[in-house]
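Trainee: One structure is given below, represented as structure tokens, and several questions about it will come after.
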Amino acid sequence: MSSGNFFASLKKLSGKHYIIISLLTVHTSWIVYHMNLVSQELINPWKLGGYGMYTKPANRASLRLYDIRSETEKLSKKTYTSKGFRSANYRYSFRCRPISEASLLIFLKDNPHLENVDLRFTIKEREFRRNPIRTKLINHSVTEIRWQQKDRFTYSGKVCGNEYTGIVDYKS
Amino acid sequence: MTLQAAITPTITGFLWPSGEAATRDSSGKFNRLALMTAMMSVVFEKSTKLARYNFDEGYEPVIMLAGMAATLPFVLFEKYSRIAILLFVLLLAPTVYTSWATYANHSWLALWAIPVALLFSKFWDDPLYANYLRVTLGVVMLAAFSQKVLAGTYWDGSYIAYLSYYGSHTERMFQFLCTDATLQVPCGWHRFIGIFIMGWQFAVGALLLAGVRSLLFLFVEISFLLGAGVYADEMNFQVLNIALLCIAFRVGMSYRLFSICVILLVIDLHGIGEFVEHVFW
């Protein structure tokens with residue numbers, strides 16, 4: 001097809017055709033980008049619409065909470081709620097995204113009995129291993145909050161080799 | 001007579017309204033039934049999540065889901081079809097906004113497929129919508145293939161070996177093919193199954209993009225989807241795919257196939273593994 005014919009045929013397309021072509025282009029581009037993110041292990045392949053489910057066991061990322069005031073003690077899941085924290089961190093779908101300051105504030109608002117308690121937030125993931133084939137639960141990210149005074153805490157953490165810190169003025 | 005010519009009418013006649021769809025009106029009805037089935041798979045998928053919902057946080061999700069379910073019968077009527085789809089999409093929108101990060105891939109496929117029907121005054125009549133679904137499903141199949149290549153867990157059979165020992169009841173169905181040694185080095189059968197699944201997805205994706213619309217191809221693909229659904233104990237995505245394929249191939253969905261899909265969706269609420277256990281043990 002010559003370039004003249006090509007542009008002539010484009011002119012014959014209706015608005016609906018252009019919308020359909022645009023949707024297909026966006027969808028395909030996102031899938032390619034999604035694969036790029038998966039190859040760098042930046043996102044969960046099961047999520048975000050890249051059709052990478054059933055390529056590996058689901059990582060089932062979940063929060064474990066520890067009281068680190070004196071002796072590190074794992075807190076029972078029945079003693080706190082993490083729904084808001086999970087949602088604020090997009091259910092850990094973005095694997096290398098640091099735990100956000102906003103999510104820490106949401107967590108403390110949802111669990112006022114844990115204010116002024118030094119805490120460690122650990123996100124555990126199942127990692128697929130070969131030789132032998134199995135999954136292993138690993139600490140994927142760790143974030144600690146330490147209270148400097150009643151209305152101020154510092155946080156520091158590490159995920160995917162990157163460290164982050166911050167100071168938060170907190171009003172309950 | 002070729003083998004295909006001999007067997008196609010028998011096996012496809014059971015699933016597609018070829019005789020019934022002689023008129024333009026009735027073929028539209030069967031396409032609307034297919035889209036309604038696709039929408040129904042979304043409702044069923046959302047309802048499984050509601051089983052774990054804490055109702056202290058409000059009844060909005062239940063009301064939204066009930067509203068979505070209520071729109072379904074109206075999709076069948078030519079006069080109300082478009083407005084029913086619009087209401088369905090509007091009721092779905094808040095969930096998309098709040099939980100897009102956790103959306104499963106079948107929900108994403110539904111989002112790319114169902115709202116687009118609103119562009120057409122009569123989606124059941126418009127070949128552009130059917131072609132859009134055909135290309136979308138082709139791209140999705142090739143994406144699933146590419147993701148498996150990227151992961152490398154199907155080439156070497158490691159994922160099939162993993163599922164055979166650590167998967168759900170149905171995912172362990174290929175365990176008998178190999179010994180425990182498959183967990184050290186995946187055995188030939190597990191590698192073969194992994195490579196076969198990849199090859200199949202690539203072939204289906206390529207054929208869909210090439211515009212192949214043979215009913216025999218559709219029948220074989222639906223059979224494979226159902227087999228994959230049983231293996232993964234996950235029928236929701238398969239029903240959505242089947243319904244969209246019926247529109248993409250412009251044959252619509254027969255009442256028989258619709259009944260099969262509804263039964264599968266109901267079984268899927270608890271899982272095939274649990275169903276098999278309940279019935280046979």
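Chain identifiers are assigned as A, B, and so on, following the order in which chains appear in the structure tokens; residues are numbered from 1 within each chain, and ligands are numbered from 1 in order of appearance.
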For Ile145 (chain A), work out the shell of residues within 8 Å, counting only C-alpha atoms and skipping chain neighbours fewer than 4 positions away, then give it as a PDB file with all heavy atoms, in the first residue's frame.
Mentor:
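Output file around-v4.pdb is given in full below:
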```pdb
ATOM      1  N   ASP A 118       7.001   1.469  69.981  1.00  0.00           N
ATOM      2  CA  ASP A 118       7.966   1.288  68.881  1.00  0.00           C
ATOM      3  C   ASP A 118       7.622  -0.008  68.150  1.00  0.00           C
ATOM      4  O   ASP A 118       7.505  -1.069  68.775  1.00  0.00           O
ATOM      5  CB  ASP A 118       9.390   1.205  69.436  1.00  0.00           C
ATOM      6  CG  ASP A 118       9.843   2.548  69.991  1.00  0.00           C
ATOM      7  OD1 ASP A 118       9.165   3.570  69.708  1.00  0.00           O
ATOM      8  OD2 ASP A 118      10.855   2.586  70.715  1.00  0.00           O
ATOM      9  N   LEU A 119       7.469   0.107  66.833  1.00  0.00           N
ATOM     10  CA  LEU A 119       6.956  -1.040  66.067  1.00  0.00           C
ATOM     11  C   LEU A 119       7.841  -1.358  64.874  1.00  0.00           C
ATOM     12  O   LEU A 119       8.486  -0.470  64.312  1.00  0.00           O
ATOM     13  CB  LEU A 119       5.543  -0.735  65.549  1.00  0.00           C
ATOM     14  CG  LEU A 119       4.435  -0.513  66.586  1.00  0.00           C
ATOM     15  CD1 LEU A 119       3.196   0.049  65.911  1.00  0.00           C
ATOM     16  CD2 LEU A 119       4.091  -1.817  67.307  1.00  0.00           C
ATOM     17  N   ARG A 120       7.833  -2.613  64.494  1.00  0.00           N
ATOM     18  CA  ARG A 120       8.482  -3.021  63.254  1.00  0.00           C
ATOM     19  C   ARG A 120       7.422  -3.622  62.333  1.00  0.00           C
ATOM     20  O   ARG A 120       6.719  -4.556  62.713  1.00  0.00           O
ATOM     21  CB  ARG A 120       9.569  -4.059  63.519  1.00  0.00           C
ATOM     22  CG  ARG A 120      10.242  -4.535  62.211  1.00  0.00           C
ATOM     23  CD  ARG A 120      11.270  -5.605  62.479  1.00  0.00           C
ATOM     24  NE  ARG A 120      12.319  -5.097  63.337  1.00  0.00           N
ATOM     25  CZ  ARG A 120      13.048  -5.866  64.162  1.00  0.00           C
ATOM     26  NH1 ARG A 120      12.833  -7.156  64.233  1.00  0.00           N
ATOM     27  NH2 ARG A 120      13.990  -5.330  64.913  1.00  0.00           N
ATOM     28  N   PHE A 153       7.383  10.758  65.900  1.00  0.00           N
ATOM     29  CA  PHE A 153       8.122   9.505  65.723  1.00  0.00           C
ATOM     30  C   PHE A 153       8.988   9.585  64.469  1.00  0.00           C
ATOM     31  O   PHE A 153       8.724  10.384  63.556  1.00  0.00           O
ATOM     32  CB  PHE A 153       7.190   8.281  65.691  1.00  0.00           C
ATOM     33  CG  PHE A 153       6.268   8.196  64.502  1.00  0.00           C
ATOM     34  CD1 PHE A 153       6.693   7.668  63.272  1.00  0.00           C
ATOM     35  CD2 PHE A 153       4.933   8.607  64.599  1.00  0.00           C
ATOM     36  CE1 PHE A 153       5.826   7.569  62.199  1.00  0.00           C
ATOM     37  CE2 PHE A 153       4.070   8.508  63.511  1.00  0.00           C
ATOM     38  CZ  PHE A 153       4.512   7.988  62.312  1.00  0.00           C
ATOM     39  N   THR A 154      10.025   8.767  64.465  1.00  0.00           N
ATOM     40  CA  THR A 154      10.853   8.649  63.260  1.00  0.00           C
ATOM     41  C   THR A 154      10.587   7.270  62.667  1.00  0.00           C
ATOM     42  O   THR A 154      10.193   6.346  63.385  1.00  0.00           O
ATOM     43  CB  THR A 154      12.352   8.751  63.571  1.00  0.00           C
ATOM     44  OG1 THR A 154      12.695   7.704  64.468  1.00  0.00           O
ATOM     45  CG2 THR A 154      12.718  10.090  64.153  1.00  0.00           C
ATOM     46  N   TYR A 155      10.748   7.186  61.385  1.00  0.00           N
ATOM     47  CA  TYR A 155      10.620   5.861  60.765  1.00  0.00           C
ATOM     48  C   TYR A 155      11.809   5.640  59.838  1.00  0.00           C
ATOM     49  O   TYR A 155      12.397   6.583  59.302  1.00  0.00           O
ATOM     50  CB  TYR A 155       9.288   5.713  60.014  1.00  0.00           C
ATOM     51  CG  TYR A 155       9.128   6.608  58.813  1.00  0.00           C
ATOM     52  CD1 TYR A 155       9.570   6.205  57.551  1.00  0.00           C
ATOM     53  CD2 TYR A 155       8.529   7.853  58.942  1.00  0.00           C
ATOM     54  CE1 TYR A 155       9.423   7.035  56.450  1.00  0.00           C
ATOM     55  CE2 TYR A 155       8.382   8.690  57.842  1.00  0.00           C
ATOM     56  CZ  TYR A 155       8.827   8.282  56.607  1.00  0.00           C
ATOM     57  OH  TYR A 155       8.696   9.095  55.523  1.00  0.00           O
ATOM     58  N   SER A 156      12.183   4.399  59.703  1.00  0.00           N
ATOM     59  CA  SER A 156      13.245   4.041  58.762  1.00  0.00           C
ATOM     60  C   SER A 156      12.944   2.656  58.222  1.00  0.00           C
ATOM     61  O   SER A 156      12.346   1.830  58.926  1.00  0.00           O
ATOM     62  CB  SER A 156      14.602   4.058  59.459  1.00  0.00           C
ATOM     63  OG  SER A 156      14.597   3.108  60.499  1.00  0.00           O
TER      64      SER A 156
END
```
Trainee: Could the residues of chain B within 7 Å of chain A, counting only C-alpha atoms, be given as number ranges by chain, please?
Mentor: B: 101-105, 108, 132, 136, 139-140, 143-144, 147-148, 151, 153, 158-159, 162, 183-184
Trainee: Could you write out that same residue set with N, CA and C atoms as a CSV table (one decimal), in the first residue's frame?
Mentor:
```csv
chain,number,residue,atom,x,y,z
B,101,ALA,N,-5.8,-1.6,42.6
B,101,ALA,CA,-4.5,-2.2,42.8
B,101,ALA,C,-4.6,-3.7,43.1
B,102,THR,N,-5.7,-4.2,43.5
B,102,THR,CA,-5.9,-5.6,43.9
B,102,THR,C,-6.7,-6.3,42.9
B,103,TYR,N,-7.1,-5.6,41.8
B,103,TYR,CA,-8.0,-6.2,40.8
B,103,TYR,C,-7.3,-7.5,40.2
B,104,ALA,N,-8.1,-8.5,40.1
B,104,ALA,CA,-7.5,-9.7,39.4
B,104,ALA,C,-7.6,-9.5,37.9
B,105,ASN,N,-6.8,-10.3,37.2
B,105,ASN,CA,-6.7,-10.0,35.7
B,105,ASN,C,-8.0,-10.2,35.0
B,108,TRP,N,-9.8,-7.0,35.1
B,108,TRP,CA,-9.2,-6.1,34.1
B,108,TRP,C,-9.7,-6.4,32.7
B,132,TYR,N,-13.1,-5.9,17.8
B,132,TYR,CA,-12.4,-5.3,19.0
B,132,TYR,C,-12.2,-6.4,20.0
B,136,THR,N,-8.6,-8.0,21.2
B,136,THR,CA,-8.3,-7.9,22.6
B,136,THR,C,-8.0,-9.3,23.2
B,139,VAL,N,-4.6,-10.4,21.9
B,139,VAL,CA,-3.5,-9.7,22.6
B,139,VAL,C,-3.4,-10.3,24.0
B,140,VAL,N,-4.5,-10.6,24.7
B,140,VAL,CA,-4.4,-11.1,26.1
B,140,VAL,C,-3.8,-12.5,26.1
B,143,ALA,N,-0.2,-12.1,25.6
B,143,ALA,CA,0.4,-11.5,26.8
B,143,ALA,C,0.6,-12.6,27.8
B,144,ALA,N,-0.4,-13.5,28.0
B,144,ALA,CA,-0.2,-14.6,28.9
B,144,ALA,C,0.9,-15.5,28.5
B,147,GLN,N,4.3,-13.6,29.2
B,147,GLN,CA,4.6,-13.6,30.7
B,147,GLN,C,5.1,-14.9,31.1
B,148,LYS,N,4.6,-16.0,30.5
B,148,LYS,CA,5.2,-17.3,30.9
B,148,LYS,C,6.6,-17.5,30.4
B,151,ALA,N,8.8,-15.5,32.8
B,151,ALA,CA,9.0,-16.2,34.1
B,151,ALA,C,9.9,-17.4,34.0
B,153,THR,N,9.1,-20.4,34.0
B,153,THR,CA,8.7,-21.5,34.9
B,153,THR,C,7.9,-22.5,34.1
B,158,SER,N,8.9,-26.2,36.0
B,158,SER,CA,9.0,-26.1,37.4
B,158,SER,C,7.7,-25.6,38.0
B,159,TYR,N,6.9,-24.8,37.3
B,159,TYR,CA,5.6,-24.4,37.9
B,159,TYR,C,4.6,-25.5,38.0
B,162,TYR,N,5.6,-27.7,40.7
B,162,TYR,CA,5.3,-27.1,42.0
B,162,TYR,C,3.8,-27.3,42.3
B,183,LEU,N,10.6,-32.5,41.9
B,183,LEU,CA,10.8,-31.3,42.7
B,183,LEU,C,12.3,-30.9,42.7
B,184,GLN,N,13.2,-31.9,42.3
B,184,GLN,CA,14.6,-31.5,42.1
B,184,GLN,C,14.9,-31.0,40.7
```
Trainee: Quick one: residues within 12 Å of Phe77 (chain B), only C-alpha atoms, excluding same-chain residues fewer than 3 positions away - as a PDB file with N, CA, C and O atoms, in the first residue's frame?
Mentor:
```pdb
ATOM      1  N   ASP B  25     -32.676 -10.884  14.118  1.00  0.00           N
ATOM      2  CA  ASP B  25     -33.148 -10.557  15.460  1.00  0.00           C
ATOM      3  C   ASP B  25     -32.668 -11.568  16.476  1.00  0.00           C
ATOM      4  O   ASP B  25     -32.196 -11.229  17.554  1.00  0.00           O
ATOM      5  N   SER B  26     -32.823 -12.864  16.120  1.00  0.00           N
ATOM      6  CA  SER B  26     -32.462 -13.871  17.110  1.00  0.00           C
ATOM      7  C   SER B  26     -30.958 -13.935  17.306  1.00  0.00           C
ATOM      8  O   SER B  26     -30.488 -14.224  18.402  1.00  0.00           O
ATOM      9  N   GLY B  28     -28.977 -11.428  17.336  1.00  0.00           N
ATOM     10  CA  GLY B  28     -28.719 -10.334  18.281  1.00  0.00           C
ATOM     11  C   GLY B  28     -29.025 -10.762  19.695  1.00  0.00           C
ATOM     12  O   GLY B  28     -28.263 -10.477  20.619  1.00  0.00           O
ATOM     13  N   LYS B  29     -30.103 -11.505  19.854  1.00  0.00           N
ATOM     14  CA  LYS B  29     -30.503 -11.976  21.188  1.00  0.00           C
ATOM     15  C   LYS B  29     -29.410 -12.849  21.794  1.00  0.00           C
ATOM     16  O   LYS B  29     -29.078 -12.724  22.971  1.00  0.00           O
ATOM     17  N   PHE B  30     -28.831 -13.728  20.977  1.00  0.00           N
ATOM     18  CA  PHE B  30     -27.802 -14.641  21.500  1.00  0.00           C
ATOM     19  C   PHE B  30     -26.490 -13.909  21.788  1.00  0.00           C
ATOM     20  O   PHE B  30     -25.736 -14.319  22.659  1.00  0.00           O
ATOM     21  N   ASN B  31     -26.222 -12.834  21.061  1.00  0.00           N
ATOM     22  CA  ASN B  31     -25.043 -12.014  21.379  1.00  0.00           C
ATOM     23  C   ASN B  31     -25.264 -11.259  22.687  1.00  0.00           C
ATOM     24  O   ASN B  31     -24.340 -11.090  23.478  1.00  0.00           O
ATOM     25  N   ARG B  32     -26.494 -10.790  22.881  1.00  0.00           N
ATOM     26  CA  ARG B  32     -26.795 -10.097  24.143  1.00  0.00           C
ATOM     27  C   ARG B  32     -26.699 -11.078  25.318  1.00  0.00           C
ATOM     28  O   ARG B  32     -26.233 -10.727  26.396  1.00  0.00           O
ATOM     29  N   LEU B  33     -27.136 -12.319  25.086  1.00  0.00           N
ATOM     30  CA  LEU B  33     -27.033 -13.342  26.135  1.00  0.00           C
ATOM     31  C   LEU B  33     -25.558 -13.581  26.485  1.00  0.00           C
ATOM     32  O   LEU B  33     -25.208 -13.748  27.662  1.00  0.00           O
ATOM     33  N   LEU B  35     -23.067 -11.375  26.219  1.00  0.00           N
ATOM     34  CA  LEU B  35     -22.538 -10.246  27.000  1.00  0.00           C
ATOM     35  C   LEU B  35     -23.089 -10.289  28.425  1.00  0.00           C
ATOM     36  O   LEU B  35     -22.375  -9.986  29.391  1.00  0.00           O
ATOM     37  N   MET B  36     -24.363 -10.684  28.532  1.00  0.00           N
ATOM     38  CA  MET B  36     -24.944 -10.791  29.872  1.00  0.00           C
ATOM     39  C   MET B  36     -24.176 -11.833  30.697  1.00  0.00           C
ATOM     40  O   MET B  36     -23.932 -11.648  31.893  1.00  0.00           O
ATOM     41  N   THR B  71     -29.318  -5.423  36.855  1.00  0.00           N
ATOM     42  CA  THR B  71     -29.259  -4.910  35.474  1.00  0.00           C
ATOM     43  C   THR B  71     -29.165  -6.058  34.448  1.00  0.00           C
ATOM     44  O   THR B  71     -29.493  -5.873  33.282  1.00  0.00           O
ATOM     45  N   LEU B  72     -28.709  -7.228  34.905  1.00  0.00           N
ATOM     46  CA  LEU B  72     -28.389  -8.309  33.958  1.00  0.00           C
ATOM     47  C   LEU B  72     -29.544  -8.717  33.030  1.00  0.00           C
ATOM     48  O   LEU B  72     -29.353  -8.767  31.805  1.00  0.00           O
ATOM     49  N   PRO B  73     -30.746  -8.995  33.562  1.00  0.00           N
ATOM     50  CA  PRO B  73     -31.815  -9.452  32.654  1.00  0.00           C
ATOM     51  C   PRO B  73     -32.146  -8.425  31.571  1.00  0.00           C
ATOM     52  O   PRO B  73     -32.536  -8.799  30.461  1.00  0.00           O
ATOM     53  N   PHE B  74     -31.961  -7.147  31.900  1.00  0.00           N
ATOM     54  CA  PHE B  74     -32.331  -6.098  30.938  1.00  0.00           C
ATOM     55  C   PHE B  74     -31.382  -6.045  29.738  1.00  0.00           C
ATOM     56  O   PHE B  74     -31.734  -5.505  28.700  1.00  0.00           O
ATOM     57  N   TYR B  80     -33.579  -2.071  26.142  1.00  0.00           N
ATOM     58  CA  TYR B  80     -32.955  -1.644  27.400  1.00  0.00           C
ATOM     59  C   TYR B  80     -31.486  -2.039  27.524  1.00  0.00           C
ATOM     60  O   TYR B  80     -30.836  -1.733  28.525  1.00  0.00           O
ATOM     61  N   SER B  81     -30.974  -2.751  26.528  1.00  0.00           N
ATOM     62  CA  SER B  81     -29.634  -3.338  26.646  1.00  0.00           C
ATOM     63  C   SER B  81     -28.567  -2.295  26.981  1.00  0.00           C
ATOM     64  O   SER B  81     -27.785  -2.459  27.929  1.00  0.00           O
ATOM     65  N   ARG B  82     -28.541  -1.228  26.227  1.00  0.00           N
ATOM     66  CA  ARG B  82     -27.473  -0.242  26.381  1.00  0.00           C
ATOM     67  C   ARG B  82     -27.550   0.452  27.745  1.00  0.00           C
ATOM     68  O   ARG B  82     -26.530   0.645  28.407  1.00  0.00           O
ATOM     69  N   ILE B  83     -28.764   0.811  28.160  1.00  0.00           N
ATOM     70  CA  ILE B  83     -28.909   1.503  29.452  1.00  0.00           C
ATOM     71  C   ILE B  83     -28.551   0.553  30.596  1.00  0.00           C
ATOM     72  O   ILE B  83     -27.975   0.963  31.610  1.00  0.00           O
ATOM     73  N   ALA B  84     -28.860  -0.742  30.412  1.00  0.00           N
ATOM     74  CA  ALA B  84     -28.510  -1.727  31.448  1.00  0.00           C
ATOM     75  C   ALA B  84     -26.985  -1.838  31.579  1.00  0.00           C
ATOM     76  O   ALA B  84     -26.456  -1.899  32.689  1.00  0.00           O
ATOM     77  N   ILE B  85     -26.293  -1.832  30.439  1.00  0.00           N
ATOM     78  CA  ILE B  85     -24.820  -1.904  30.473  1.00  0.00           C
ATOM     79  C   ILE B  85     -24.263  -0.645  31.140  1.00  0.00           C
ATOM     80  O   ILE B  85     -23.339  -0.708  31.957  1.00  0.00           O
ATOM     81  N   LYS B 122     -26.085  -0.636  18.878  1.00  0.00           N
ATOM     82  CA  LYS B 122     -26.461  -2.059  18.881  1.00  0.00           C
ATOM     83  C   LYS B 122     -25.175  -2.883  18.788  1.00  0.00           C
ATOM     84  O   LYS B 122     -24.755  -3.259  17.696  1.00  0.00           O
ATOM     85  N   TRP B 124     -24.549  -5.816  19.411  1.00  0.00           N
ATOM     86  CA  TRP B 124     -24.764  -7.177  18.906  1.00  0.00           C
ATOM     87  C   TRP B 124     -24.791  -7.227  17.376  1.00  0.00           C
ATOM     88  O   TRP B 124     -24.664  -8.278  16.783  1.00  0.00           O
TER      89      TRP B 124
END
```
Trainee: Would you mind reading off the distance between CA of Leu244 (chain B) and CA of Gly152 (chain B), one decimal, in Å?
Mentor: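 Computing the Euclidean distance for CA of Leu244 (chain B) and CA of Gly152 (chain B) yields 29.0 Å.
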Trainee: From the DSSP assignment of the backbone, select every residue of region 71-128 of chain B that is helix (DSSP H, G or I), and format the answer as a PyMOL selection string.
Mentor: chain B and resi 71-75+81-102+105-113+115-119+123-125+127-128
Trainee: Let me make sure I understand: among B:Leu128, B:Met173, B:Ala206, B:Ala232, which one has the smallest atom-to-atom distance to Tyr18 (chain A) if we use only C-alpha atoms?
Mentor: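 Closest to Tyr18 (chain A) of all the choices is B:Leu128.
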Trainee: Kindly give the distance, in Å, that separates CA of Ser164 (chain B) and CA of His270 (chain B), rounded to a single decimal.
Mentor: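 That distance, rounded to one decimal, is 20.9 Å.
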Trainee: If I take CA of Leu240 (chain B) and CA of Phe192 (chain B), how far is one from the other in Å, to one decimal?
Mentor: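 The value is 27.4 Å.
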Trainee: I'd like the neighbourhood of region 58-72 of chain A as a short mmCIF file (atom, residue, chain, number, x, y, z; two decimals) with all heavy atoms, in the first residue's frame, where a residue qualifies if any of its atoms comes within 6 Å (using only C-alpha atoms), though same-chain residues fewer than 2 positions away should be ignored.
Mentor:
```cif
data_model
loop_
_atom_site.label_atom_id
_atom_site.label_comp_id
_atom_site.auth_asym_id
_atom_site.auth_seq_id
_atom_site.Cartn_x
_atom_site.Cartn_y
_atom_site.Cartn_z
N LYS A 74 6.31 -10.56 68.40
CA LYS A 74 5.35 -10.52 67.29
C LYS A 74 3.94 -10.34 67.86
O LYS A 74 3.55 -11.04 68.80
CB LYS A 74 5.42 -11.82 66.50
CG LYS A 74 4.55 -11.82 65.26
CD LYS A 74 4.70 -13.13 64.51
CE LYS A 74 3.57 -13.30 63.53
NZ LYS A 74 3.52 -14.64 62.98
N LEU A 75 3.21 -9.37 67.30
CA LEU A 75 1.87 -9.11 67.80
C LEU A 75 0.86 -9.98 67.05
O LEU A 75 0.94 -10.14 65.83
CB LEU A 75 1.51 -7.63 67.60
CG LEU A 75 2.39 -6.63 68.33
CD1 LEU A 75 1.99 -5.20 67.99
CD2 LEU A 75 2.29 -6.83 69.83
N ASP A 118 7.00 1.47 69.98
CA ASP A 118 7.97 1.29 68.88
C ASP A 118 7.62 -0.01 68.15
O ASP A 118 7.51 -1.07 68.78
CB ASP A 118 9.39 1.21 69.44
CG ASP A 118 9.84 2.55 69.99
OD1 ASP A 118 9.17 3.57 69.71
OD2 ASP A 118 10.85 2.59 70.71
N LEU A 119 7.47 0.11 66.83
CA LEU A 119 6.96 -1.04 66.07
C LEU A 119 7.84 -1.36 64.87
O LEU A 119 8.49 -0.47 64.31
CB LEU A 119 5.54 -0.74 65.55
CG LEU A 119 4.44 -0.51 66.59
CD1 LEU A 119 3.20 0.05 65.91
CD2 LEU A 119 4.09 -1.82 67.31
N ARG A 120 7.83 -2.61 64.49
CA ARG A 120 8.48 -3.02 63.25
C ARG A 120 7.42 -3.62 62.33
O ARG A 120 6.72 -4.56 62.71
CB ARG A 120 9.57 -4.06 63.52
CG ARG A 120 10.24 -4.54 62.21
CD ARG A 120 11.27 -5.61 62.48
NE ARG A 120 12.32 -5.10 63.34
CZ ARG A 120 13.05 -5.87 64.16
NH1 ARG A 120 12.83 -7.16 64.23
NH2 ARG A 120 13.99 -5.33 64.91
N PHE A 121 7.30 -3.04 61.14
CA PHE A 121 6.37 -3.54 60.13
C PHE A 121 7.19 -4.38 59.14
O PHE A 121 8.04 -3.85 58.44
CB PHE A 121 5.72 -2.39 59.35
CG PHE A 121 4.86 -1.49 60.19
CD1 PHE A 121 5.42 -0.55 61.05
CD2 PHE A 121 3.48 -1.56 60.12
CE1 PHE A 121 4.64 0.29 61.82
CE2 PHE A 121 2.69 -0.73 60.89
CZ PHE A 121 3.27 0.20 61.75
N THR A 122 6.90 -5.65 59.09
CA THR A 122 7.62 -6.51 58.15
C THR A 122 6.63 -7.04 57.11
O THR A 122 5.58 -7.58 57.48
CB THR A 122 8.26 -7.70 58.89
OG1 THR A 122 9.14 -7.18 59.87
CG2 THR A 122 9.04 -8.59 57.95
N ILE A 123 6.96 -6.84 55.85
CA ILE A 123 6.12 -7.42 54.79
C ILE A 123 6.79 -8.73 54.36
O ILE A 123 7.93 -8.74 53.91
CB ILE A 123 5.99 -6.47 53.57
CG1 ILE A 123 5.53 -5.08 53.99
CG2 ILE A 123 5.06 -7.08 52.52
CD1 ILE A 123 4.17 -5.01 54.63
N LYS A 124 6.05 -9.80 54.55
CA LYS A 124 6.55 -11.13 54.18
C LYS A 124 5.99 -11.51 52.81
O LYS A 124 4.85 -11.17 52.49
CB LYS A 124 6.09 -12.17 55.20
CG LYS A 124 6.66 -11.95 56.58
CD LYS A 124 7.66 -13.02 56.89
CE LYS A 124 8.18 -12.90 58.31
NZ LYS A 124 9.34 -13.74 58.53
N GLU A 125 6.80 -12.19 52.06
CA GLU A 125 6.37 -12.68 50.75
C GLU A 125 6.80 -14.13 50.58
O GLU A 125 7.83 -14.53 51.11
CB GLU A 125 7.06 -11.88 49.64
CG GLU A 125 6.35 -10.64 49.20
CD GLU A 125 6.97 -10.06 47.93
OE1 GLU A 125 7.86 -10.69 47.32
OE2 GLU A 125 6.54 -8.98 47.56
N ARG A 126 6.01 -14.86 49.78
CA ARG A 126 6.46 -16.21 49.40
C ARG A 126 7.31 -16.05 48.15
O ARG A 126 6.89 -15.43 47.18
CB ARG A 126 5.26 -17.09 49.05
CG ARG A 126 4.44 -17.51 50.23
CD ARG A 126 3.53 -18.66 49.90
NE ARG A 126 2.82 -18.48 48.64
CZ ARG A 126 2.17 -19.43 48.00
NH1 ARG A 126 2.14 -20.66 48.49
NH2 ARG A 126 1.53 -19.20 46.88
#
```
Trainee: Write down as a CSV table (one decimal) with C-alpha atoms, in the first residue's frame the residues of chain A whose backbone DSSP state falls under strand (DSSP E or B).
Mentor:
```csv
chain,number,residue,atom,x,y,z
A,43,ILE,CA,5.3,-5.4,40.7
A,62,SER,CA,1.3,-9.9,54.2
A,63,LEU,CA,2.1,-7.8,57.2
A,64,ARG,CA,3.7,-9.0,60.4
A,65,LEU,CA,3.9,-6.5,63.2
A,66,TYR,CA,6.5,-6.6,66.1
A,67,ASP,CA,6.7,-4.7,69.3
A,73,GLU,CA,7.6,-9.6,70.2
A,74,LYS,CA,5.3,-10.5,67.3
A,94,PHE,CA,4.2,-2.3,43.9
A,119,LEU,CA,7.0,-1.0,66.1
A,120,ARG,CA,8.5,-3.0,63.3
A,121,PHE,CA,6.4,-3.5,60.1
A,122,THR,CA,7.6,-6.5,58.1
A,123,ILE,CA,6.1,-7.4,54.8
A,124,LYS,CA,6.5,-11.1,54.2
A,125,GLU,CA,6.4,-12.7,50.7
A,126,ARG,CA,6.5,-16.2,49.4
A,127,GLU,CA,9.4,-16.5,47.0
A,128,PHE,CA,9.5,-19.3,44.4
A,129,ARG,CA,12.7,-21.4,44.6
A,134,ARG,CA,9.2,-24.9,46.7
A,135,THR,CA,8.2,-21.5,48.1
A,136,LYS,CA,10.0,-19.8,51.0
A,137,LEU,CA,8.6,-17.1,53.2
A,138,ILE,CA,11.0,-14.2,53.2
A,139,ASN,CA,11.1,-10.7,54.8
A,140,HIS,CA,10.6,-8.5,51.7
A,141,SER,CA,10.6,-5.1,53.4
A,142,VAL,CA,11.1,-3.9,57.0
A,143,THR,CA,10.0,-0.5,58.4
A,144,GLU,CA,10.5,0.6,62.0
A,145,ILE,CA,8.9,3.4,63.8
A,146,ARG,CA,10.4,4.8,67.0
A,147,TRP,CA,8.8,7.4,69.2
A,148,GLN,CA,11.1,10.3,70.1
A,149,GLN,CA,8.4,11.9,72.2
A,152,ARG,CA,6.7,12.7,67.2
A,153,PHE,CA,8.1,9.5,65.7
A,154,THR,CA,10.9,8.6,63.3
A,155,TYR,CA,10.6,5.9,60.8
A,156,SER,CA,13.2,4.0,58.8
A,157,GLY,CA,13.0,1.1,56.4
A,158,LYS,CA,14.5,-0.9,53.6
A,159,VAL,CA,12.9,-2.4,50.5
A,162,ASN,CA,16.8,1.1,49.0
A,163,GLU,CA,16.6,2.7,52.4
A,164,TYR,CA,14.2,5.5,53.5
A,165,THR,CA,13.8,7.5,56.7
A,166,GLY,CA,11.5,10.3,57.9
A,167,ILE,CA,10.2,12.2,60.9
A,168,VAL,CA,6.5,12.6,61.5
A,169,ASP,CA,4.7,15.0,63.8
```
